[in-house]
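Undergrad: What follows is entry.cif, mmCIF, C-alpha atoms.
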data_final
#
loop_
_atom_site.label_atom_id
_atom_site.label_comp_id
_atom_site.auth_asym_id
_atom_site.auth_seq_id
_atom_site.Cartn_x
_atom_site.Cartn_y
_atom_site.Cartn_z
CA MET A 498 -138.52 136.48 1.09
CA SER A 499 -135.46 137.80 2.87
CA ALA A 500 -131.97 137.60 1.35
CA VAL A 501 -131.18 134.80 3.80
CA ASP A 502 -134.25 132.82 2.69
CA VAL A 503 -133.23 133.22 -0.97
CA TYR A 504 -129.67 132.15 -0.14
CA LEU A 505 -130.87 129.04 1.73
CA ALA A 506 -133.19 128.11 -1.14
CA ASP A 507 -130.27 128.44 -3.58
CA LEU A 508 -128.03 126.37 -1.30
CA ARG A 509 -130.74 123.68 -0.99
CA ALA A 510 -131.05 123.56 -4.77
CA ALA A 511 -127.25 123.27 -5.14
CA VAL A 512 -127.05 120.34 -2.69
CA PRO A 513 -129.03 117.40 -4.07
CA GLY A 514 -129.49 114.17 -2.16
CA PRO A 515 -131.58 112.47 0.51
CA SER A 516 -133.65 115.00 2.46
CA TRP A 517 -132.76 113.40 5.83
CA ALA A 518 -129.07 114.00 5.10
CA ARG A 519 -129.59 117.62 4.04
CA ARG A 520 -132.08 118.65 6.73
CA ASP A 521 -129.77 119.16 9.73
CA LEU A 522 -126.96 120.64 7.66
CA LEU A 523 -129.21 123.26 6.05
CA ARG A 524 -130.90 123.95 9.38
CA GLU A 525 -127.48 124.65 10.92
CA ALA A 526 -126.67 126.98 8.03
CA GLY A 527 -129.95 128.82 8.65
CA ASP A 528 -129.27 129.00 12.41
CA HIS A 529 -125.80 130.39 11.73
CA LEU A 530 -127.11 133.07 9.39
CA GLU A 531 -129.77 134.00 11.96
CA ASP A 532 -127.12 134.36 14.70
CA ALA A 533 -124.76 136.30 12.41
CA THR A 534 -127.55 138.65 11.27
CA ASP A 535 -128.53 139.26 14.90
CA ALA A 536 -124.91 140.04 15.80
CA TYR A 537 -124.64 142.64 13.00
CA THR A 538 -128.04 144.08 13.95
CA ARG A 539 -126.94 144.43 17.57
CA ALA A 540 -123.81 146.18 16.29
CA GLY A 541 -126.10 148.84 14.76
CA TYR A 542 -126.54 147.73 11.14
CA PRO A 543 -130.01 147.90 9.53
CA THR A 544 -131.55 144.44 8.97
CA ALA A 545 -130.97 144.29 5.19
CA GLU A 546 -127.31 145.26 5.58
CA ALA A 547 -126.86 142.89 8.52
CA GLU A 548 -128.18 140.03 6.37
CA ALA A 549 -125.92 140.98 3.48
CA LEU A 550 -122.87 141.02 5.79
CA ALA A 551 -123.83 137.67 7.34
CA LEU A 552 -124.16 136.15 3.85
CA ARG A 553 -120.84 137.67 2.73
CA ASP A 554 -119.09 136.08 5.73
CA PHE A 555 -120.80 132.72 5.17
CA GLY A 556 -119.55 132.48 1.58
CA ALA A 557 -121.15 132.39 -1.87
CA VAL A 558 -123.28 129.36 -2.71
CA ASP A 559 -120.80 128.12 -5.34
CA VAL A 560 -118.02 128.23 -2.72
CA ILE A 561 -119.98 126.56 0.08
CA ALA A 562 -122.06 124.01 -1.86
CA PRO A 563 -119.20 121.58 -2.76
CA GLY A 564 -118.40 120.95 0.93
CA PHE A 565 -122.08 120.49 1.75
CA ARG A 566 -122.47 118.13 -1.24
CA ASP A 567 -119.54 116.03 0.00
CA THR A 568 -121.13 115.80 3.46
CA VAL A 569 -124.55 114.78 2.11
CA ALA A 570 -123.08 112.26 -0.35
CA ILE A 571 -120.91 110.68 2.35
CA SER A 572 -123.91 110.44 4.72
CA GLY A 573 -125.91 108.73 1.97
CA ALA A 574 -123.04 106.34 1.21
CA ARG A 575 -122.64 105.48 4.90
CA ARG A 576 -126.34 104.68 5.26
CA THR A 577 -126.35 102.64 2.02
CA ALA A 578 -123.33 100.62 3.15
CA ALA A 579 -124.90 100.02 6.58
CA LEU A 580 -128.13 98.85 4.91
CA LEU A 581 -126.23 96.50 2.61
CA VAL A 582 -124.36 94.96 5.57
CA LEU A 583 -127.63 94.50 7.47
CA VAL A 584 -129.32 92.91 4.46
CA MET A 585 -126.39 90.68 3.46
CA ILE A 586 -125.56 89.20 6.85
CA PRO A 587 -128.78 87.18 7.33
CA GLN A 588 -129.03 85.96 3.71
CA ALA A 589 -126.83 82.87 4.05
CA PHE A 590 -128.55 82.03 7.36
CA LEU A 591 -132.00 82.44 5.76
CA TRP A 592 -131.34 80.43 2.61
CA ASP A 593 -128.55 77.92 3.22
CA GLY A 594 -127.96 77.34 6.91
CA GLY A 595 -129.98 78.06 10.04
CA ILE A 596 -133.55 78.70 8.92
CA ASN A 597 -132.68 77.22 5.50
CA LEU A 598 -135.73 78.48 3.60
CA GLY A 599 -134.20 77.11 0.42
CA GLY A 600 -134.07 73.58 1.86
CA THR A 601 -136.92 72.19 -0.26
CA ALA A 602 -135.46 73.75 -3.39
CA HIS A 603 -131.96 72.44 -2.59
CA SER A 604 -133.25 68.87 -2.69
CA THR A 605 -134.37 69.39 -6.29
CA ALA A 606 -131.34 71.48 -7.35
CA PRO A 607 -130.33 70.51 -10.88
CA ASP A 608 -126.83 69.15 -11.49
CA THR A 609 -126.14 71.51 -14.39
CA GLY A 610 -123.19 73.75 -15.21
CA LEU A 611 -125.39 76.83 -15.21
CA PHE A 612 -126.71 76.15 -11.73
CA HIS A 613 -123.24 75.49 -10.30
CA ALA A 614 -121.91 78.62 -12.01
CA LEU A 615 -124.70 80.72 -10.47
CA ASP A 616 -123.98 79.11 -7.09
CA VAL A 617 -120.35 80.23 -7.36
CA VAL A 618 -121.35 83.71 -8.60
CA ILE A 619 -123.78 84.34 -5.75
CA GLY A 620 -121.21 83.12 -3.22
CA TYR A 621 -118.40 85.35 -4.47
CA ILE A 622 -120.55 88.41 -5.21
CA GLY A 623 -122.34 88.10 -1.90
CA THR A 624 -119.07 87.88 0.03
CA ALA A 625 -117.40 90.65 -1.97
CA GLY A 626 -120.50 92.85 -1.65
CA ALA A 627 -120.64 92.45 2.12
CA LEU A 628 -116.89 92.99 2.56
CA GLY A 629 -116.98 96.07 0.33
CA ALA A 630 -119.89 97.47 2.32
CA ILE A 631 -118.08 96.91 5.63
CA ILE A 632 -114.96 98.67 4.28
CA ALA A 633 -117.10 101.57 2.98
CA LEU A 634 -118.92 101.81 6.31
CA VAL A 635 -115.65 102.12 8.21
CA ALA A 636 -114.09 104.50 5.65
CA THR A 637 -117.04 106.91 5.69
CA ALA A 638 -117.17 107.04 9.50
CA ILE A 639 -114.08 106.59 11.68
CA GLY A 640 -111.94 106.23 8.53
CA GLN A 641 -112.23 109.99 8.05
CA ARG A 642 -109.59 110.33 10.78
CA TRP A 643 -106.97 109.19 8.28
CA LEU A 644 -108.58 109.43 4.84
CA ARG A 645 -109.92 112.40 2.90
CA ILE A 646 -113.29 111.04 1.84
CA GLY A 647 -115.35 112.86 -0.75
CA ARG A 648 -117.99 112.36 -3.41
CA GLY A 649 -115.74 109.93 -5.34
CA THR A 650 -115.79 107.45 -2.46
CA ALA A 651 -119.53 107.99 -1.98
CA ARG A 652 -120.13 107.32 -5.70
CA MET A 653 -118.02 104.14 -5.58
CA THR A 654 -119.85 102.90 -2.46
CA ALA A 655 -123.26 103.56 -4.02
CA ALA A 656 -122.33 101.89 -7.33
CA TRP A 657 -120.90 98.87 -5.50
CA SER A 658 -124.02 98.56 -3.34
CA LEU A 659 -126.33 98.97 -6.34
CA ALA A 660 -124.49 96.26 -8.27
CA THR A 661 -124.60 93.87 -5.29
CA ALA A 662 -128.25 94.65 -4.58
CA THR A 663 -129.12 93.89 -8.21
CA VAL A 664 -126.97 90.82 -8.93
CA VAL A 665 -127.53 88.88 -5.68
CA PRO A 666 -131.37 88.76 -5.70
CA LEU A 667 -131.52 88.22 -9.48
CA THR A 668 -129.11 85.31 -9.20
CA GLY A 669 -130.96 83.98 -6.17
CA PHE A 670 -134.33 84.07 -7.93
CA THR A 671 -132.88 82.45 -11.05
CA MET A 672 -131.42 79.64 -8.96
CA LEU A 673 -134.72 79.09 -7.16
CA ALA A 674 -136.55 78.98 -10.51
CA LEU A 675 -133.99 76.53 -11.96
CA THR A 676 -134.57 74.06 -9.12
CA GLY A 677 -138.15 73.53 -10.19
CA GLY A 678 -139.03 73.49 -6.52
CA LEU A 679 -140.23 77.09 -6.34
CA THR A 680 -143.48 77.04 -4.38
CA VAL A 681 -145.76 80.03 -3.74
CA THR A 682 -144.58 80.15 -0.11
CA LEU A 683 -140.96 80.07 -1.17
CA ALA A 684 -141.53 82.79 -3.80
CA LEU A 685 -143.28 85.02 -1.27
CA SER A 686 -140.48 84.43 1.24
CA ALA A 687 -137.92 85.33 -1.44
CA ILE A 688 -139.79 88.55 -2.24
CA ALA A 689 -140.16 89.56 1.42
CA LEU A 690 -136.75 88.51 2.70
CA MET A 691 -134.53 88.96 -0.34
CA ALA A 692 -136.04 91.15 -3.08
CA ALA A 693 -137.59 93.81 -0.81
CA PRO A 694 -134.53 94.38 1.42
CA PHE A 695 -132.20 94.53 -1.60
CA ALA A 696 -134.64 96.93 -3.31
CA LEU A 697 -134.28 99.18 -0.26
CA VAL A 698 -130.49 99.09 -0.64
CA ALA A 699 -130.79 99.85 -4.37
CA PHE A 700 -133.10 102.81 -3.65
CA SER A 701 -130.67 104.20 -1.06
CA ALA A 702 -127.76 103.72 -3.50
CA GLN A 703 -129.61 105.59 -6.27
CA ARG A 704 -130.37 108.51 -3.95
CA THR A 705 -126.71 108.60 -2.95
CA LEU A 706 -125.63 108.62 -6.60
CA ALA A 707 -127.98 111.57 -7.15
CA ALA A 708 -126.14 113.41 -4.35
CA CYS A 709 -122.76 112.81 -6.01
CA MET B 1093 -104.69 134.40 6.82
CA LYS B 1094 -106.37 132.78 3.79
CA ALA B 1095 -108.19 129.44 3.73
CA ASP B 1096 -105.41 127.86 1.62
CA ALA B 1097 -102.86 128.46 4.37
CA LEU B 1098 -105.19 126.76 6.84
CA ARG B 1099 -105.55 123.59 4.79
CA GLY B 1100 -104.80 120.64 7.04
CA HIS B 1101 -105.02 122.72 10.22
CA LEU B 1102 -108.71 123.64 10.35
CA ASP B 1103 -109.67 120.38 12.06
CA SER B 1104 -107.14 120.95 14.87
CA LEU B 1105 -108.26 124.56 15.31
CA ILE B 1106 -111.89 123.46 15.67
CA LEU B 1107 -110.96 120.79 18.20
CA ALA B 1108 -108.98 123.38 20.16
CA VAL B 1109 -111.85 125.87 20.47
CA VAL B 1110 -114.31 123.28 21.79
CA GLU B 1111 -111.76 121.89 24.23
CA LYS B 1112 -113.04 123.81 27.26
CA GLN B 1113 -116.79 123.85 26.62
CA PRO B 1114 -119.43 122.71 24.13
CA LEU B 1115 -120.15 125.34 21.45
CA HIS B 1116 -122.56 125.69 18.54
CA GLY B 1117 -121.42 126.51 14.99
CA TYR B 1118 -121.63 130.28 15.17
CA ALA B 1119 -119.90 130.34 18.57
CA ILE B 1120 -117.10 128.15 17.16
CA ILE B 1121 -116.54 130.66 14.36
CA GLU B 1122 -116.55 133.52 16.87
CA ALA B 1123 -114.06 131.70 19.10
CA LEU B 1124 -111.78 131.01 16.11
CA SER B 1125 -111.96 134.68 15.16
CA VAL B 1126 -111.23 135.91 18.71
CA ARG B 1127 -108.40 133.45 19.37
CA SER B 1128 -106.76 134.25 16.02
CA GLY B 1129 -107.02 137.98 16.63
CA GLY B 1130 -109.33 138.23 13.60
CA GLU B 1131 -106.61 136.86 11.28
CA LEU B 1132 -108.54 133.80 10.07
CA ASP B 1133 -110.18 134.64 6.77
CA LEU B 1134 -112.31 131.73 5.65
CA PRO B 1135 -115.96 131.58 4.53
CA THR B 1136 -117.77 130.71 7.75
CA GLY B 1137 -120.01 128.23 5.92
CA THR B 1138 -117.02 125.92 5.39
CA ILE B 1139 -117.04 125.08 9.09
CA TYR B 1140 -120.17 122.90 8.92
CA PRO B 1141 -118.87 120.12 6.64
CA ALA B 1142 -115.72 120.09 8.81
CA LEU B 1143 -117.80 119.77 11.99
CA ARG B 1144 -119.79 116.91 10.49
CA ARG B 1145 -116.61 115.15 9.34
CA LEU B 1146 -115.05 115.48 12.81
CA GLU B 1147 -118.21 114.14 14.41
CA LYS B 1148 -118.38 111.08 12.15
CA ALA B 1149 -114.67 110.48 12.75
CA GLY B 1150 -115.48 110.24 16.45
CA TYR B 1151 -113.60 113.39 17.51
CA LEU B 1152 -116.71 115.44 18.35
CA ASP B 1153 -120.05 114.61 19.93
CA SER B 1154 -123.07 116.74 19.09
CA SER B 1155 -126.50 117.35 20.53
CA TRP B 1156 -129.32 119.86 20.09
CA SER B 1157 -129.63 122.18 23.07
CA GLU B 1158 -131.16 125.52 24.03
CA VAL B 1159 -128.77 128.45 23.48
CA GLY B 1160 -130.13 131.92 24.23
CA GLY B 1161 -133.71 130.68 23.84
CA ARG B 1162 -132.97 129.01 20.47
CA LYS B 1163 -132.35 125.36 19.59
CA ARG B 1164 -128.79 125.00 18.40
CA ARG B 1165 -126.62 121.99 17.56
CA THR B 1166 -123.70 122.10 19.97
CA TYR B 1167 -120.42 120.24 19.65
CA GLU B 1168 -118.08 118.98 22.35
CA LEU B 1169 -114.77 117.18 22.32
CA SER B 1170 -114.95 113.38 22.68
CA PRO B 1171 -112.20 111.42 24.46
CA ALA B 1172 -110.78 110.44 21.04
CA GLY B 1173 -110.88 114.11 20.01
CA ARG B 1174 -108.96 115.10 23.15
CA SER B 1175 -106.23 112.57 22.33
CA ALA B 1176 -106.10 113.73 18.71
CA LEU B 1177 -105.82 117.37 19.80
CA ALA B 1178 -102.93 116.53 22.16
CA ALA B 1179 -101.16 114.71 19.32
CA HIS B 1180 -101.71 117.65 16.90
CA ARG B 1181 -100.37 120.07 19.49
CA GLN B 1182 -97.20 118.01 19.91
CA GLU B 1183 -96.72 117.75 16.14
CA TRP B 1184 -97.24 121.50 15.78
CA ARG B 1185 -94.70 122.31 18.52
CA THR B 1186 -92.09 120.15 16.83
CA PHE B 1187 -92.89 121.57 13.39
CA SER B 1188 -92.84 125.21 14.52
CA GLN B 1189 -89.55 124.72 16.44
CA VAL B 1190 -87.94 123.25 13.34
CA VAL B 1191 -89.23 125.99 11.01
CA SER B 1192 -88.40 128.77 13.50
CA GLY B 1193 -84.92 127.34 13.89
CA VAL B 1194 -84.35 127.63 10.14
CA LEU B 1195 -86.28 130.83 9.35
CA GLY B 1196 -85.64 132.72 12.57
CA GLU B 1197 -83.26 135.63 12.55
CA ALA B 1198 -79.62 134.78 13.14
#
Would you mind writing the file's structure down as structure tokens?
TA:
Amino acid sequence: MSAVDVYLADLRAAVPGPSWARRDLLREAGDHLEDATDAYTRAGYPTAEAEALALRDFGAVDVIAPGFRDTVAISGARRTAALLVLVMIPQAFLWDGGINLGGTAHSTAPDTGLFHALDVVIGYIGTAGALGAIIALVATAIGQRWLRIGRGTARMTAAWSLATATVVPLTGFTMLALTGGLTVTLALSAIALMAAPFALVAFSAQRTLAAC
Amino acid sequence: MKADALRGHLDSLILAVVEKQPLHGYAIIEALSVRSGGELDLPTGTIYPALRRLEKAGYLDSSWSEVGGRKRRTYELSPAGRSALAAHRQEWRTFSQVVSGVLGEA
């Protein structure tokens, strides 16, 4: 292994997170080191010395890694927020209005305090979760024109998304179960259209947290 | 000039060097070095998070293209980046006139 290969392996190890977010960044680092080594070689330096000079210019791993970690964490947070927005938007349409998959269950909805409380919880958490995700999506993209966004924001976005992606489907399933009108078709629909998409958001959020 | 002195200005410097033509990462560093007369002293690896941030902010567009027979990610100024660069230039002119007026020799 060349010194550049060792350096890139160390940098990869120092920058955890989703592989899709790290791939291009680490490839660019490798391309840069290749170009810099070539430039020193053309200037007359032996290969080993040219690599050492290219690495010296690039910066030690502990100096460079924090910036790379910020970039990867922010990319993960942006994707998680986008996923949450995409998953949240159709939920009300699927379950309450429009397609109204929960229609049969609504007709048998119990008139209990617990059910009404859960109805309020899912409404507020769903709205807050979607609004938070939209704000995070803007902040981690065009918002970087005005805001210094780092791992703290990425961590907050991921935690917010994970909480929403856990509470909303759990509350939804509990409400469906409480109605007594939970059929096999309805349960399968809830798994495919609610549990699975939110599980995807939760998975993305956990990978983002690992990058923070 | 150390990285600390550049804090807050690196983004504008990057936008300025890709103003005329698309460049890849290494060429951006070279252009910064040439245009600063070799005075910029920052680890070259710090440029990549800055490039990614500027791209996501909508100031740069990027694409993979062939450079000298190798695939390289090249960056070019977007319309929003051009406006931001013009604004930074104006701010810098005002700032440097004010500071020169105070610090300049009598």
Undergrad: Output the contact residues of chain A with respect to chain B at a cut-off of 6 Å, based on all atoms listed in the file, as a list in words.
TA: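 Applying the cut-off to the listed atoms yields His529, Asp554, Phe555, Gly556, Gly564, Phe565, Thr568, Ala638, Ile639, Gln641 and Arg642 of chain A.
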Undergrad: Using the chain letters and numbers from the file, which residues does the PyMOL selection byres ((chain A and resi 549) around 12) grab, as a list in words?
TA: Ser499, Ala500, Val501, Asp502, Val503, Tyr504, Leu530, Glu531, Ala533, Thr534, Asp535, Tyr537, Thr538, Tyr542, Pro543, Thr544, Ala545, Glu546, Ala547, Glu548, Leu550, Ala551, Leu552, Arg553, Asp554, Phe555, Gly556 and Ala557 of chain A
Undergrad: Taking the file above as input, evaluate the PyMOL selection byres ((chain B and resi 1101-1114) around 9) and report the hits as a PyMOL selection string.
TA: chain B and resi 1095+1097-1100+1115-1116+1120-1121+1123-1124+1127+1139+1142-1143+1146+1151-1152+1154+1166-1169+1173-1174+1176-1177+1180-1181
Undergrad: I'd like to see the residues matched by the PyMOL selection byres ((chain A and resi 709) around 12) on this file, and ideally I'd get them as number ranges by chain.
TA: A: 511-515, 562-574, 647-656, 702-708
Undergrad: Identify, on the basis of all atoms listed in the file, every residue whose closest approach to Phe612 of chain A does not exceed 9 Å; exclude the query and any residue fewer than 3 positions from it along the same chain; express the result as a PyMOL selection string.
TA: chain A and resi 606-609+615-617+671-672+675-676
Undergrad: Between atom CA of Gly1129 of chain B and atom CA of Leu1195 of chain B, what is the distance in Å, rounded to a tenth?
TA: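 The value is 23.1 Å.
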Undergrad: One number please: atom CA of Leu581 of chain A to atom CA of Thr661 of chain A, in Å, one decimal.
TA: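 Distance reported for this atom pair: 8.5 Å.
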Undergrad: Using all atoms listed in the file, which residues sit within 10 Å of Leu523 of chain A once same-chain residues fewer than 3 positions away are excluded, as a list in words?
TA: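 Those residues are Leu505, Ala506, Leu508, Arg509, Val512, Ala518, Arg519, Arg520, Ala526, Gly527, Asp528, His529 and Phe565 of chain A; Tyr1140 of chain B.
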Undergrad: Report the distance between atom CA of Ile631 of chain A and atom CA of Ala578 of chain A in Å, rounded to one decimal place.
TA: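 So the answer is 6.9 Å.
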Undergrad: Axis-aligned box over every listed atom of segment 656-670 of chain A, padded by 5 Å per side: centre and edges in Å to one decimal, as lines of an AutoDock Vina configuration file?
TA:
center_x = -127.6
center_y = 92.9
center_z = -6.4
size_x = 23.4
size_y = 27.9
size_z = 16.1
Undergrad: For segment 1149-1173 of chain B, supply N, CA and C atoms and format the output as a tab-separated table (two decimals), in the coordinates of the input.
TA:
chain	number	residue	atom	x	y	z
B	1149	ALA	N	-115.97	111.09	12.45
B	1149	ALA	CA	-114.67	110.48	12.75
B	1149	ALA	C	-114.54	110.13	14.23
B	1150	GLY	N	-115.50	110.56	15.02
B	1150	GLY	CA	-115.48	110.24	16.45
B	1150	GLY	C	-114.73	111.24	17.31
B	1151	TYR	N	-114.34	112.39	16.74
B	1151	TYR	CA	-113.60	113.39	17.51
B	1151	TYR	C	-114.52	114.37	18.23
B	1152	LEU	N	-115.74	114.54	17.73
B	1152	LEU	CA	-116.71	115.44	18.35
B	1152	LEU	C	-118.01	114.69	18.62
B	1153	ASP	N	-118.68	115.08	19.69
B	1153	ASP	CA	-120.05	114.61	19.93
B	1153	ASP	C	-120.96	115.82	19.75
B	1154	SER	N	-122.16	115.60	19.26
B	1154	SER	CA	-123.07	116.74	19.09
B	1154	SER	C	-124.45	116.44	19.67
B	1155	SER	N	-125.12	117.50	20.05
B	1155	SER	CA	-126.50	117.35	20.53
B	1155	SER	C	-127.22	118.68	20.33
B	1156	TRP	N	-128.54	118.62	20.22
B	1156	TRP	CA	-129.32	119.86	20.09
B	1156	TRP	C	-129.63	120.36	21.49
B	1157	SER	N	-129.35	121.64	21.73
B	1157	SER	CA	-129.63	122.18	23.07
B	1157	SER	C	-130.10	123.64	22.93
B	1158	GLU	N	-130.63	124.15	24.02
B	1158	GLU	CA	-131.16	125.52	24.03
B	1158	GLU	C	-130.01	126.51	24.26
B	1159	VAL	N	-129.82	127.43	23.33
B	1159	VAL	CA	-128.77	128.45	23.48
B	1159	VAL	C	-129.43	129.81	23.27
B	1160	GLY	N	-129.50	130.60	24.34
B	1160	GLY	CA	-130.13	131.92	24.23
B	1160	GLY	C	-131.57	131.84	23.75
B	1161	GLY	N	-132.29	130.81	24.21
B	1161	GLY	CA	-133.71	130.68	23.84
B	1161	GLY	C	-133.92	130.04	22.47
B	1162	ARG	N	-132.83	129.63	21.78
B	1162	ARG	CA	-132.97	129.01	20.47
B	1162	ARG	C	-132.35	127.62	20.48
B	1163	LYS	N	-132.92	126.70	19.72
B	1163	LYS	CA	-132.35	125.36	19.59
B	1163	LYS	C	-131.13	125.43	18.69
B	1164	ARG	N	-130.01	125.00	19.20
B	1164	ARG	CA	-128.79	125.00	18.40
B	1164	ARG	C	-128.07	123.66	18.55
B	1165	ARG	N	-127.41	123.23	17.48
B	1165	ARG	CA	-126.62	121.99	17.56
B	1165	ARG	C	-125.27	122.35	18.17
B	1166	THR	N	-124.97	121.76	19.31
B	1166	THR	CA	-123.70	122.10	19.97
B	1166	THR	C	-122.74	120.90	19.88
B	1167	TYR	N	-121.47	121.25	19.83
B	1167	TYR	CA	-120.42	120.24	19.65
B	1167	TYR	C	-119.48	120.26	20.84
B	1168	GLU	N	-119.08	119.05	21.28
B	1168	GLU	CA	-118.08	118.98	22.35
B	1168	GLU	C	-117.04	117.92	22.00
B	1169	LEU	N	-115.88	118.07	22.61
B	1169	LEU	CA	-114.77	117.18	22.32
B	1169	LEU	C	-115.04	115.79	22.93
B	1170	SER	N	-114.82	114.75	22.15
B	1170	SER	CA	-114.95	113.38	22.68
B	1170	SER	C	-113.58	112.97	23.24
B	1171	PRO	N	-113.51	111.88	23.97
B	1171	PRO	CA	-112.20	111.42	24.46
B	1171	PRO	C	-111.20	111.21	23.31
B	1172	ALA	N	-111.68	110.65	22.19
B	1172	ALA	CA	-110.78	110.44	21.04
B	1172	ALA	C	-110.33	111.79	20.48
B	1173	GLY	N	-111.22	112.77	20.49
B	1173	GLY	CA	-110.88	114.11	20.01
B	1173	GLY	C	-109.82	114.76	20.89
